[in-house]
Amino acid sequence: MATLTRAEAAARAALIRVVDTSVELDLVEPIDTFTSVSVLTVEVAEPGGDTFLDLQAVAVESVRLDGAAVDTASWRDGRLPLTLGPGRHELRVVATMAYSNAGEGLHRHVTADGQRYLYAMSFLDKAPAWFACFDQPDLKSPYTLVARTPADWLVRGNGPAESLSDGETVRTWLLHQPVPISTYVVTLVAGPYVEVTAEHDGIALGLLARAELADELAEQSEDILAVTTACFDGYHALFGHRYPFGEYHQAFVPDFNAGAMENPGCVTFREQYLHRGRATRAELGKRASTIAHEMAHQWFGDLVTMRWWDDLWLNESFAEYMAQVMCERVTPYDRWIDFGATRKQWGMVADQSSSSHPVAGNGTDDAAAALQQFDGISYAKGAAVLRQLVLHIGEDVFLTGLRDYFTRYGRGNADFADLLQCWADAGADDIEQWSQAWLRTQGVDQLRAEGDGDTVTVHRIPAADPAHRAHIATVARIADDGAVVAEQAYRLEGDRVDVDLRGHDAAPGQDDLQQAGLLVPDAHDQTWARIDLPWPEDPSLAPSGVLADPSRIADPRTRVVIGSALRDAVRHARVPSSTAAEVLLGWLSRETVVDLFAPLGGFLVGELCGPYCPPAVRSARRGVAHDGFGDTIARAEPGGDLQLTAFRLAVATLDDVVTGERWLAGELPDPLELDRELEWALVTRLTSLDGDLGRVEAALGRDDSSSARIHAARARAAVPTRQAKQRAFEILTTDGPASAYEVYATAEGFYLPHQHELTADFVEPWFDRIGATGQFRDGWALGRVVSLSFPATHVDDLTISRAEALEADPDTSGPIRRAVADCLDELRTARRSLQLG
């Protein structure tokens with residue numbers, strides 16, 4: 001399919017205005033295709049001209065322009081050329097469309113008992129896969145959808161749904177959204193879904209899930225609705241503009257690629273947010289922040305929409321930032337620790353990669369390239385930079401500018417310059433200079449603090465792409481026992497600033513500022529910067545003082561910064577992975593905050609026991625980590641979240657089949673209980689050790705859900721035999737019936753760190769064949785399968801050279817090239833770390 005360019009979008013927007021769109025779908029028959037009838041009313045500017053309609057159909061049955069037949073012979077590559085005269089026109093398209101099994105377009109999920117569940121994912125360029133349209137963000141219109149479905153189905157979408165019964169077997173549904181919306185957020189959710197309904201402040205609320213998750217939906221709906229209603233109240237108060245789209249449904253749907261999608265009136269979430277096992281408070285908080293994130297999009301993205309994809313940060317950065325703010329202020333879940341320990345790390349890795357780009361104005365010239373920019377920079381870095389902006393101009397100016405932005409551009413489109421002008425009008429005098437440094441220039445600065453007396457100096461080491469970024473943060477001196485000797489806020493305008501610590505409030509017994517201690521230049525995790533700490537210059541030496549045991553520091557924000565700096569030091573070959581593993585093992589044995597324990601434990605298991613560990617040492621290091629998690633299980637509050645989190649990590653590092661079998665039989669550390677998700681984690685790990693597929697079939701006998709099928713695919717790929725790996729390899733590299741989620745799970749079970757010798761023979765065949773997957777996959781699935789199945793555990797010259805060749809090959813498709821480039825960056829980083837010793 002052809003991809004829309006910025007120039008084509010600008011020309012089309014100058015020519016036409018979409019007045020109204022209606023779509024009729026016949027979804028009754030359980031076949032692989034459906035009929036879609038689209039009627040578009042458009043206004044064409046003088047003097048008219050040539051343009052094209054977007055249509056990714058199996059077959060085009062008919063096209064009529066103002067009642068006259070249009071020749072469809074020129075329809076190709078998803079485009080139908082049109083010549084339109086000035087004035088109002090009606091375009092009617094009848095087409096046969098195909099259901100998707102990759103989570104895009106109109107996705108169809110079929111359960112083991114044959115039940116069909118549908119949902120539409122129009123992002124980024126998949127709206128034309130289920131209805132004809134002019135697919136670009138600045139051609140918004142009201143939408144009317146009519147759907148014929150089996151009589152027992154429930155239908156929800158962008159507007160309120162009205163049900164008209166046609167008989168005992170078929171029902172017709174009518175949905176209308178009068179507020180103009182963009183094609184990429186048009187959706188429909190249809191199938192035998194179950195629903196929980198409520199009402200708040202005049203807004204009808206609904207929660208949907210597949211029937212097999214009815215119990216989970218009922219049990220968890222109270223928390224979901226509490227977060228939803230609190231966020232509505234919070235956003236209404238902050239933004240000064242009410243939610244404009246009528247009803248608000250949240251559908252938890254299967255096989256969903258993203259975390260969620262902000263379709264106005266009907267947000268879709270991956271159904272894993274309905275926890276099938278016990279959820280920790282951190283996991284409930286993650287769901288809450290996603291709910292808050294998607295709701296923020298109703299204003300940022302849906303009410304006011306970017307004109308072109310290079311301003312996608314106007315959607316994602318704001319939603320990411322506002323989600324943290326809203327969770328902190330109106331829900332029981334403060335997410336700033338997780339944001340610093342998890343989300344910012346995602347962005348930091350992206351911002352130091354070869355594919356780094358500015359937060360704003362990322363140079364996206366076509367829609368296909370835009371999809372690759374939905375990364376940690378557009379989300380996490382953008383949110384962190386907005387946090388700096390609030391410190392820079394003040395929250396009153398920040399919010400005044402946003403309210404003006406919604407007033408000026410609501411129901412329409414805007415760009416970066418429009419928002420900057422709103423802030424400038426609100427009183428942000430130097431916003432253009434600030435945004436040039438922070439938003440339009442890529443890269444990350446490094447901060448270092450030094451000095452032994454009353455005055456310390458904070459240094460800024462500019463990124464490779466230098467910009468005069470002003471950092472607002474807090475520097476703290478931390479004693480060896482973890483006490484804060486002194487801390488002081490500062491503003492760094494140039495390359496250095498002297499900070500007087502004498503105005504601080506000293507901790508009891510810490511009056512002498514001359515004493516030695518660790519200086520942390522961003523102690524409250526407020527800015528976006530790499531933090532340079534005094535790691536030993538000799539890599540054979542272990543860190544000393546509080547760096548040897550950061551758990552002594554009382555403030556978890558500072559511990560977040562230390563943890564991020566440690567991971568950064570490993571990636572930059574400042575600290576050997578063995579030293580980092582020792583520090584983390586000691587630290588985690590005393591850490592109590594799950595939002596910090598989980599990502600640091602994940603780094604220990606995923607990186608330090610994987611690619612950042614020599615293959616010959618992986619088993620021993622994994623065993624030490626497993627024992628450490630066992631100690632945490634024993635010391636943690638019985639039945640608490642820390643105990644459960646440590647147990648999950650213990651399962652991930654398990655090498656003893658006898659112990660695993662005992663756990664699988666229900667003999668877990670008291671008082672943990674075996675739920676379905678823990679059972680599948682154990683089944684997968686044990687199968688990867690001994691290859692007993694009977695264990696997988698037995699688990700399927702106890703759990704025949706769609707989720708179980710995904711787990712089983714992962715477990716089968718993890719079987720430690722060449723035959724099993726060959727079967728998995730074929731699933732990854734050939735077109736087949738497996739759903740996208742089953743392919744993802746297969747990829748996750750393929751290159752495992754403890755199967756290094758077994759999978760070595762598949763490295764070259766992977767590079768030989770993965771490029772051709774662009775012939776039968778596209779969109780999210782294409783890049784994600786490459787990323788998940790990349791041979792990251794094989795950190796050697798062969799893997800690097802083959803990755804370099806694939807990246808450089810002009811025939812490599814864009815999504816594959818971007819995925820390989822990011823994986824190659826990580827591979828090179830791991831090799832530098834291994835070379836350190």
# chains A, B, ... in the order shown; residues from 1 in each chain; ligands from 1
$ select_by_dssp --residues "region 183-355 of chain A" --states "strand (DSSP E or B)" --output "PyMOL selection string"
chain A and resi 188-191+194-200+203-209+248-253+260-261+266-270+300+304-306
$ residues_around --residues "Glu673 (chain A)" --least-positions-apart "2" --cutoff "12 Å" --atoms "only C-alpha atoms" --output "PDB file with all heavy atoms, in the first residue's frame"
ATOM      1  N   GLY A 277      -4.864 -12.878  37.307  1.00  0.00           N
ATOM      2  CA  GLY A 277      -4.298 -13.306  38.580  1.00  0.00           C
ATOM      3  C   GLY A 277      -4.269 -12.132  39.533  1.00  0.00           C
ATOM      4  O   GLY A 277      -4.805 -11.053  39.254  1.00  0.00           O
ATOM      5  N   ARG A 278      -3.625 -12.346  40.648  1.00  0.00           N
ATOM      6  CA  ARG A 278      -3.540 -11.259  41.615  1.00  0.00           C
ATOM      7  C   ARG A 278      -2.685 -10.127  41.050  1.00  0.00           C
ATOM      8  O   ARG A 278      -1.636 -10.375  40.453  1.00  0.00           O
ATOM      9  CB  ARG A 278      -2.921 -11.781  42.921  1.00  0.00           C
ATOM     10  CG  ARG A 278      -2.775 -10.687  43.969  1.00  0.00           C
ATOM     11  CD  ARG A 278      -2.080 -11.174  45.192  1.00  0.00           C
ATOM     12  NE  ARG A 278      -1.370 -10.076  45.834  1.00  0.00           N
ATOM     13  CZ  ARG A 278      -0.468 -10.241  46.777  1.00  0.00           C
ATOM     14  NH1 ARG A 278      -0.147 -11.447  47.191  1.00  0.00           N
ATOM     15  NH2 ARG A 278       0.128  -9.185  47.308  1.00  0.00           N
ATOM     16  N   PRO A 638       4.325 -11.181  54.539  1.00  0.00           N
ATOM     17  CA  PRO A 638       3.612 -12.328  53.966  1.00  0.00           C
ATOM     18  C   PRO A 638       2.356 -11.876  53.232  1.00  0.00           C
ATOM     19  O   PRO A 638       1.521 -11.149  53.769  1.00  0.00           O
ATOM     20  CB  PRO A 638       3.268 -13.187  55.184  1.00  0.00           C
ATOM     21  CG  PRO A 638       4.301 -12.825  56.202  1.00  0.00           C
ATOM     22  CD  PRO A 638       4.565 -11.365  55.984  1.00  0.00           C
ATOM     23  N   GLY A 639       2.249 -12.297  51.995  1.00  0.00           N
ATOM     24  CA  GLY A 639       1.084 -11.950  51.203  1.00  0.00           C
ATOM     25  C   GLY A 639       1.123 -10.568  50.598  1.00  0.00           C
ATOM     26  O   GLY A 639       0.192 -10.177  49.887  1.00  0.00           O
ATOM     27  N   GLY A 640       2.200  -9.818  50.820  1.00  0.00           N
ATOM     28  CA  GLY A 640       2.294  -8.459  50.307  1.00  0.00           C
ATOM     29  C   GLY A 640       2.768  -8.411  48.862  1.00  0.00           C
ATOM     30  O   GLY A 640       3.207  -9.409  48.285  1.00  0.00           O
ATOM     31  N   GLN A 643       6.477  -9.477  48.241  1.00  0.00           N
ATOM     32  CA  GLN A 643       6.676 -10.923  48.214  1.00  0.00           C
ATOM     33  C   GLN A 643       6.254 -11.504  46.867  1.00  0.00           C
ATOM     34  O   GLN A 643       6.963 -12.330  46.279  1.00  0.00           O
ATOM     35  CB  GLN A 643       5.880 -11.592  49.341  1.00  0.00           C
ATOM     36  CG  GLN A 643       6.160 -13.087  49.462  1.00  0.00           C
ATOM     37  CD  GLN A 643       5.267 -13.784  50.472  1.00  0.00           C
ATOM     38  OE1 GLN A 643       4.043 -13.620  50.446  1.00  0.00           O
ATOM     39  NE2 GLN A 643       5.866 -14.544  51.367  1.00  0.00           N
ATOM     40  N   LEU A 644       5.104 -11.068  46.360  1.00  0.00           N
ATOM     41  CA  LEU A 644       4.625 -11.577  45.072  1.00  0.00           C
ATOM     42  C   LEU A 644       5.563 -11.185  43.944  1.00  0.00           C
ATOM     43  O   LEU A 644       5.887 -12.002  43.071  1.00  0.00           O
ATOM     44  CB  LEU A 644       3.220 -11.038  44.799  1.00  0.00           C
ATOM     45  CG  LEU A 644       2.607 -11.409  43.444  1.00  0.00           C
ATOM     46  CD1 LEU A 644       2.504 -12.919  43.274  1.00  0.00           C
ATOM     47  CD2 LEU A 644       1.232 -10.748  43.282  1.00  0.00           C
ATOM     48  N   PHE A 647       8.627 -13.272  44.074  1.00  0.00           N
ATOM     49  CA  PHE A 647       8.358 -14.644  43.649  1.00  0.00           C
ATOM     50  C   PHE A 647       8.311 -14.736  42.125  1.00  0.00           C
ATOM     51  O   PHE A 647       8.844 -15.676  41.532  1.00  0.00           O
ATOM     52  CB  PHE A 647       7.047 -15.148  44.246  1.00  0.00           C
ATOM     53  CG  PHE A 647       6.736 -16.571  43.869  1.00  0.00           C
ATOM     54  CD1 PHE A 647       7.436 -17.622  44.449  1.00  0.00           C
ATOM     55  CD2 PHE A 647       5.784 -16.850  42.913  1.00  0.00           C
ATOM     56  CE1 PHE A 647       7.173 -18.944  44.081  1.00  0.00           C
ATOM     57  CE2 PHE A 647       5.504 -18.160  42.544  1.00  0.00           C
ATOM     58  CZ  PHE A 647       6.207 -19.207  43.138  1.00  0.00           C
ATOM     59  N   TRP A 663       6.361 -25.995  43.346  1.00  0.00           N
ATOM     60  CA  TRP A 663       5.563 -24.767  43.294  1.00  0.00           C
ATOM     61  C   TRP A 663       4.327 -24.967  42.419  1.00  0.00           C
ATOM     62  O   TRP A 663       3.243 -24.494  42.747  1.00  0.00           O
ATOM     63  CB  TRP A 663       6.412 -23.618  42.745  1.00  0.00           C
ATOM     64  CG  TRP A 663       7.454 -23.110  43.709  1.00  0.00           C
ATOM     65  CD1 TRP A 663       7.552 -23.398  45.033  1.00  0.00           C
ATOM     66  CD2 TRP A 663       8.532 -22.218  43.402  1.00  0.00           C
ATOM     67  NE1 TRP A 663       8.625 -22.736  45.586  1.00  0.00           N
ATOM     68  CE2 TRP A 663       9.238 -22.005  44.614  1.00  0.00           C
ATOM     69  CE3 TRP A 663       8.965 -21.592  42.246  1.00  0.00           C
ATOM     70  CZ2 TRP A 663      10.366 -21.188  44.665  1.00  0.00           C
ATOM     71  CZ3 TRP A 663      10.080 -20.766  42.296  1.00  0.00           C
ATOM     72  CH2 TRP A 663      10.778 -20.564  43.504  1.00  0.00           C
ATOM     73  N   LEU A 664       4.498 -25.642  41.294  1.00  0.00           N
ATOM     74  CA  LEU A 664       3.391 -25.860  40.380  1.00  0.00           C
ATOM     75  C   LEU A 664       2.291 -26.706  41.028  1.00  0.00           C
ATOM     76  O   LEU A 664       1.109 -26.573  40.693  1.00  0.00           O
ATOM     77  CB  LEU A 664       3.891 -26.535  39.096  1.00  0.00           C
ATOM     78  CG  LEU A 664       2.920 -26.619  37.916  1.00  0.00           C
ATOM     79  CD1 LEU A 664       2.446 -25.223  37.497  1.00  0.00           C
ATOM     80  CD2 LEU A 664       3.580 -27.324  36.734  1.00  0.00           C
ATOM     81  N   ALA A 665       2.693 -27.552  41.963  1.00  0.00           N
ATOM     82  CA  ALA A 665       1.721 -28.371  42.685  1.00  0.00           C
ATOM     83  C   ALA A 665       1.019 -27.587  43.796  1.00  0.00           C
ATOM     84  O   ALA A 665       0.159 -28.138  44.500  1.00  0.00           O
ATOM     85  CB  ALA A 665       2.418 -29.597  43.278  1.00  0.00           C
ATOM     86  N   GLY A 666       1.393 -26.317  43.952  1.00  0.00           N
ATOM     87  CA  GLY A 666       0.721 -25.483  44.939  1.00  0.00           C
ATOM     88  C   GLY A 666       1.497 -25.267  46.215  1.00  0.00           C
ATOM     89  O   GLY A 666       1.011 -24.577  47.125  1.00  0.00           O
ATOM     90  N   GLU A 667       2.700 -25.831  46.311  1.00  0.00           N
ATOM     91  CA  GLU A 667       3.517 -25.665  47.525  1.00  0.00           C
ATOM     92  C   GLU A 667       4.349 -24.385  47.399  1.00  0.00           C
ATOM     93  O   GLU A 667       5.568 -24.422  47.253  1.00  0.00           O
ATOM     94  CB  GLU A 667       4.409 -26.891  47.730  1.00  0.00           C
ATOM     95  CG  GLU A 667       3.640 -28.186  47.920  1.00  0.00           C
ATOM     96  CD  GLU A 667       4.581 -29.382  48.069  1.00  0.00           C
ATOM     97  OE1 GLU A 667       5.694 -29.205  48.601  1.00  0.00           O
ATOM     98  OE2 GLU A 667       4.194 -30.480  47.638  1.00  0.00           O
ATOM     99  N   LEU A 668       3.667 -23.258  47.485  1.00  0.00           N
ATOM    100  CA  LEU A 668       4.307 -21.961  47.333  1.00  0.00           C
ATOM    101  C   LEU A 668       4.686 -21.396  48.695  1.00  0.00           C
ATOM    102  O   LEU A 668       4.155 -21.824  49.729  1.00  0.00           O
ATOM    103  CB  LEU A 668       3.373 -20.984  46.619  1.00  0.00           C
ATOM    104  CG  LEU A 668       3.354 -20.985  45.094  1.00  0.00           C
ATOM    105  CD1 LEU A 668       2.898 -22.322  44.553  1.00  0.00           C
ATOM    106  CD2 LEU A 668       2.446 -19.873  44.584  1.00  0.00           C
ATOM    107  N   PRO A 669       5.621 -20.449  48.701  1.00  0.00           N
ATOM    108  CA  PRO A 669       5.927 -19.771  49.966  1.00  0.00           C
ATOM    109  C   PRO A 669       4.650 -19.194  50.569  1.00  0.00           C
ATOM    110  O   PRO A 669       3.867 -18.539  49.887  1.00  0.00           O
ATOM    111  CB  PRO A 669       6.901 -18.667  49.551  1.00  0.00           C
ATOM    112  CG  PRO A 669       7.534 -19.179  48.299  1.00  0.00           C
ATOM    113  CD  PRO A 669       6.469 -19.953  47.598  1.00  0.00           C
ATOM    114  N   ASP A 670       4.440 -19.442  51.826  1.00  0.00           N
ATOM    115  CA  ASP A 670       3.232 -19.009  52.514  1.00  0.00           C
ATOM    116  C   ASP A 670       3.162 -17.483  52.565  1.00  0.00           C
ATOM    117  O   ASP A 670       4.170 -16.834  52.850  1.00  0.00           O
ATOM    118  CB  ASP A 670       3.240 -19.583  53.936  1.00  0.00           C
ATOM    119  CG  ASP A 670       1.930 -19.369  54.657  1.00  0.00           C
ATOM    120  OD1 ASP A 670       0.912 -19.864  54.153  1.00  0.00           O
ATOM    121  OD2 ASP A 670       1.945 -18.682  55.703  1.00  0.00           O
ATOM    122  N   PRO A 671       2.029 -16.860  52.293  1.00  0.00           N
ATOM    123  CA  PRO A 671       0.707 -17.432  51.964  1.00  0.00           C
ATOM    124  C   PRO A 671       0.360 -17.267  50.487  1.00  0.00           C
ATOM    125  O   PRO A 671      -0.812 -17.132  50.144  1.00  0.00           O
ATOM    126  CB  PRO A 671      -0.210 -16.571  52.829  1.00  0.00           C
ATOM    127  CG  PRO A 671       0.403 -15.202  52.739  1.00  0.00           C
ATOM    128  CD  PRO A 671       1.895 -15.412  52.641  1.00  0.00           C
ATOM    129  N   ASP A 675      -2.306 -18.703  41.039  1.00  0.00           N
ATOM    130  CA  ASP A 675      -3.383 -18.295  40.150  1.00  0.00           C
ATOM    131  C   ASP A 675      -3.007 -18.688  38.720  1.00  0.00           C
ATOM    132  O   ASP A 675      -1.936 -19.249  38.476  1.00  0.00           O
ATOM    133  CB  ASP A 675      -3.674 -16.801  40.268  1.00  0.00           C
ATOM    134  CG  ASP A 675      -2.454 -15.930  39.983  1.00  0.00           C
ATOM    135  OD1 ASP A 675      -1.726 -16.222  39.023  1.00  0.00           O
ATOM    136  OD2 ASP A 675      -2.240 -14.947  40.718  1.00  0.00           O
ATOM    137  N   ARG A 676      -3.878 -18.383  37.753  1.00  0.00           N
ATOM    138  CA  ARG A 676      -3.647 -18.848  36.381  1.00  0.00           C
ATOM    139  C   ARG A 676      -2.389 -18.249  35.763  1.00  0.00           C
ATOM    140  O   ARG A 676      -1.661 -18.926  35.032  1.00  0.00           O
ATOM    141  CB  ARG A 676      -4.875 -18.516  35.524  1.00  0.00           C
ATOM    142  CG  ARG A 676      -6.081 -19.390  35.813  1.00  0.00           C
ATOM    143  CD  ARG A 676      -7.281 -18.952  35.036  1.00  0.00           C
ATOM    144  NE  ARG A 676      -7.728 -17.617  35.424  1.00  0.00           N
ATOM    145  CZ  ARG A 676      -8.765 -16.977  34.870  1.00  0.00           C
ATOM    146  NH1 ARG A 676      -9.435 -17.552  33.892  1.00  0.00           N
ATOM    147  NH2 ARG A 676      -9.120 -15.784  35.279  1.00  0.00           N
ATOM    148  N   GLU A 677      -2.122 -16.986  36.057  1.00  0.00           N
ATOM    149  CA  GLU A 677      -0.947 -16.357  35.470  1.00  0.00           C
ATOM    150  C   GLU A 677       0.347 -16.877  36.088  1.00  0.00           C
ATOM    151  O   GLU A 677       1.336 -17.101  35.378  1.00  0.00           O
ATOM    152  CB  GLU A 677      -1.046 -14.831  35.610  1.00  0.00           C
ATOM    153  CG  GLU A 677      -2.174 -14.214  34.794  1.00  0.00           C
ATOM    154  CD  GLU A 677      -2.045 -14.535  33.314  1.00  0.00           C
ATOM    155  OE1 GLU A 677      -1.052 -14.110  32.690  1.00  0.00           O
ATOM    156  OE2 GLU A 677      -2.943 -15.233  32.775  1.00  0.00           O
ATOM    157  N   LEU A 678       0.364 -17.087  37.397  1.00  0.00           N
ATOM    158  CA  LEU A 678       1.547 -17.688  38.024  1.00  0.00           C
ATOM    159  C   LEU A 678       1.758 -19.114  37.513  1.00  0.00           C
ATOM    160  O   LEU A 678       2.896 -19.538  37.287  1.00  0.00           O
ATOM    161  CB  LEU A 678       1.396 -17.701  39.544  1.00  0.00           C
ATOM    162  CG  LEU A 678       1.743 -16.417  40.305  1.00  0.00           C
ATOM    163  CD1 LEU A 678       1.524 -16.626  41.797  1.00  0.00           C
ATOM    164  CD2 LEU A 678       3.189 -15.992  40.040  1.00  0.00           C
ATOM    165  N   GLU A 679       0.665 -19.833  37.331  1.00  0.00           N
ATOM    166  CA  GLU A 679       0.783 -21.204  36.833  1.00  0.00           C
ATOM    167  C   GLU A 679       1.429 -21.209  35.444  1.00  0.00           C
ATOM    168  O   GLU A 679       2.345 -22.000  35.174  1.00  0.00           O
ATOM    169  CB  GLU A 679      -0.583 -21.872  36.774  1.00  0.00           C
ATOM    170  CG  GLU A 679      -0.528 -23.294  36.215  1.00  0.00           C
ATOM    171  CD  GLU A 679      -1.870 -23.981  36.187  1.00  0.00           C
ATOM    172  OE1 GLU A 679      -2.871 -23.376  36.615  1.00  0.00           O
ATOM    173  OE2 GLU A 679      -1.924 -25.142  35.725  1.00  0.00           O
TER     174      GLU A 679
END
$ atom_distance --atom1 "CA of Ser787 (chain A)" --atom2 "CA of Trp438 (chain A)"
28.8 Å
$ residues_around --residues "Tyr119 (chain A)" --least-positions-apart "6" --cutoff "6 Å" --atoms "only C-alpha atoms" --output "list in words"
Leu106, His107, Leu188 and Val189 of chain A
$ write_last_selection --atoms "N, CA and C atoms" --output "mmCIF file, in the first residue's frame"
data_model
loop_
_atom_site.group_PDB
_atom_site.id
_atom_site.type_symbol
_atom_site.label_atom_id
_atom_site.label_comp_id
_atom_site.auth_asym_id
_atom_site.auth_seq_id
_atom_site.Cartn_x
_atom_site.Cartn_y
_atom_site.Cartn_z
ATOM 1 N N LEU A 106 -10.231 -3.719 11.058
ATOM 2 C CA LEU A 106 -11.297 -4.346 11.838
ATOM 3 C C LEU A 106 -10.811 -5.731 12.249
ATOM 4 N N HIS A 107 -10.360 -5.829 13.480
ATOM 5 C CA HIS A 107 -9.740 -7.062 13.977
ATOM 6 C C HIS A 107 -10.819 -8.048 14.409
ATOM 7 N N LEU A 188 -15.144 0.828 16.260
ATOM 8 C CA LEU A 188 -16.353 0.050 16.489
ATOM 9 C C LEU A 188 -15.944 -1.178 17.294
ATOM 10 N N VAL A 189 -16.698 -1.483 18.338
ATOM 11 C CA VAL A 189 -16.469 -2.685 19.135
ATOM 12 C C VAL A 189 -17.746 -3.502 19.067
#
$ atom_distance --atom1 "CA of Glu61 (chain A)" --atom2 "CA of Thr83 (chain A)"
19.5 Å
$ closest_residue --among "A:Ala102, A:Leu371, A:Ala598, A:Ile431" --to "Asn257 (chain A)" --atoms "only C-alpha atoms"
A:Ala102
$ atom_distance --atom1 "CA of Gly749 (chain A)" --atom2 "CA of Phe776 (chain A)"
21.8 Å
$ residues_around --residues "Arg802 (chain A)" --least-positions-apart "2" --cutoff "12 Å" --atoms "only C-alpha atoms" --output "number ranges by chain"
A: 763-771, 790-791, 794-800, 804-809, 820-821, 824, 827
$ closest_residue --among "A:Lys381, A:Lys126, A:Arg440, A:His249" --to "Leu208 (chain A)" --atoms "only C-alpha atoms"
A:His249
$ residues_around --residues "Ser22 (chain A)" --least-positions-apart "2" --cutoff "8 Å" --atoms "only C-alpha atoms" --output "list in words"
Asp20, Glu24, Ser38, Val39, Leu40, Tyr143, Thr144, Leu145 and Val146 of chain A
$ residues_around --residues "Val385 (chain A)" --least-positions-apart "2" --cutoff "9 Å" --atoms "only C-alpha atoms" --output "mmCIF file with N, CA, C and O atoms, in the first residue's frame"
data_model
loop_
_atom_site.group_PDB
_atom_site.id
_atom_site.type_symbol
_atom_site.label_atom_id
_atom_site.label_comp_id
_atom_site.auth_asym_id
_atom_site.auth_seq_id
_atom_site.Cartn_x
_atom_site.Cartn_y
_atom_site.Cartn_z
ATOM 1 N N SER A 317 3.005 13.232 24.488
ATOM 2 C CA SER A 317 3.755 13.815 25.603
ATOM 3 C C SER A 317 2.806 14.409 26.640
ATOM 4 O O SER A 317 2.999 14.242 27.853
ATOM 5 N N VAL A 359 11.747 15.895 20.319
ATOM 6 C CA VAL A 359 10.396 15.635 20.813
ATOM 7 C C VAL A 359 9.373 16.183 19.822
ATOM 8 O O VAL A 359 8.407 15.505 19.461
ATOM 9 N N ALA A 380 7.810 9.398 27.010
ATOM 10 C CA ALA A 380 8.443 9.655 28.301
ATOM 11 C C ALA A 380 9.296 10.916 28.316
ATOM 12 O O ALA A 380 9.204 11.727 29.249
ATOM 13 N N LYS A 381 10.152 11.093 27.305
ATOM 14 C CA LYS A 381 10.959 12.308 27.296
ATOM 15 C C LYS A 381 10.066 13.539 27.187
ATOM 16 O O LYS A 381 10.268 14.535 27.892
ATOM 17 N N GLY A 382 9.079 13.479 26.302
ATOM 18 C CA GLY A 382 8.180 14.610 26.165
ATOM 19 C C GLY A 382 7.498 14.967 27.466
ATOM 20 O O GLY A 382 7.369 16.145 27.822
ATOM 21 N N ALA A 383 7.059 13.951 28.216
ATOM 22 C CA ALA A 383 6.411 14.214 29.505
ATOM 23 C C ALA A 383 7.385 14.809 30.508
ATOM 24 O O ALA A 383 7.045 15.732 31.260
ATOM 25 N N ARG A 387 7.318 18.527 32.315
ATOM 26 C CA ARG A 387 7.486 18.745 33.756
ATOM 27 C C ARG A 387 8.482 19.870 34.004
ATOM 28 O O ARG A 387 8.278 20.711 34.890
ATOM 29 N N GLN A 388 9.547 19.909 33.207
ATOM 30 C CA GLN A 388 10.486 21.019 33.301
ATOM 31 C C GLN A 388 9.830 22.331 32.890
ATOM 32 O O GLN A 388 10.065 23.380 33.501
ATOM 33 N N LEU A 389 8.981 22.283 31.874
ATOM 34 C CA LEU A 389 8.319 23.501 31.423
ATOM 35 C C LEU A 389 7.441 24.088 32.527
ATOM 36 O O LEU A 389 7.413 25.313 32.726
ATOM 37 N N VAL A 390 6.728 23.238 33.240
ATOM 38 C CA VAL A 390 5.886 23.724 34.334
ATOM 39 C C VAL A 390 6.738 24.405 35.401
ATOM 40 O O VAL A 390 6.356 25.444 35.956
ATOM 41 N N TRP A 438 14.698 22.530 24.195
ATOM 42 C CA TRP A 438 14.194 21.309 24.812
ATOM 43 C C TRP A 438 13.377 20.432 23.859
ATOM 44 O O TRP A 438 13.425 19.202 23.958
ATOM 45 N N LEU A 439 12.626 21.048 22.984
ATOM 46 C CA LEU A 439 11.683 20.281 22.179
ATOM 47 C C LEU A 439 12.127 20.055 20.744
ATOM 48 O O LEU A 439 11.782 19.045 20.137
ATOM 49 N N THR A 527 14.387 16.555 36.265
ATOM 50 C CA THR A 527 14.773 16.986 34.929
ATOM 51 C C THR A 527 15.038 15.789 34.027
ATOM 52 O O THR A 527 14.868 14.630 34.425
ATOM 53 N N TRP A 528 15.422 16.103 32.803
ATOM 54 C CA TRP A 528 15.757 15.056 31.822
ATOM 55 C C TRP A 528 17.252 15.141 31.557
ATOM 56 O O TRP A 528 17.725 16.018 30.839
#
$ residues_around --residues "Gly628 (chain A)" --least-positions-apart "4" --cutoff "8 Å" --atoms "only C-alpha atoms" --output "ChimeraX atom specification"
/A:585,589,624,632
$ decode --residues "region 548-559 of chain A" --atoms "C-alpha atoms" --output "mmCIF file, in the first residue's frame"
data_model
loop_
_atom_site.group_PDB
_atom_site.id
_atom_site.type_symbol
_atom_site.label_atom_id
_atom_site.label_comp_id
_atom_site.auth_asym_id
_atom_site.auth_seq_id
_atom_site.Cartn_x
_atom_site.Cartn_y
_atom_site.Cartn_z
ATOM 1 C CA ALA A 548 27.421 0.474 47.500
ATOM 2 C CA ASP A 549 23.995 0.315 49.122
ATOM 3 C CA PRO A 550 21.496 2.910 47.832
ATOM 4 C CA SER A 551 18.748 1.325 49.926
ATOM 5 C CA ARG A 552 20.018 3.446 52.837
ATOM 6 C CA ILE A 553 18.632 6.600 51.177
ATOM 7 C CA ALA A 554 15.239 7.423 52.630
ATOM 8 C CA ASP A 555 13.816 9.386 49.690
ATOM 9 C CA PRO A 556 12.680 6.965 46.946
ATOM 10 C CA ARG A 557 13.021 9.734 44.340
ATOM 11 C CA THR A 558 16.753 9.832 44.989
ATOM 12 C CA ARG A 559 16.927 6.046 44.850
#
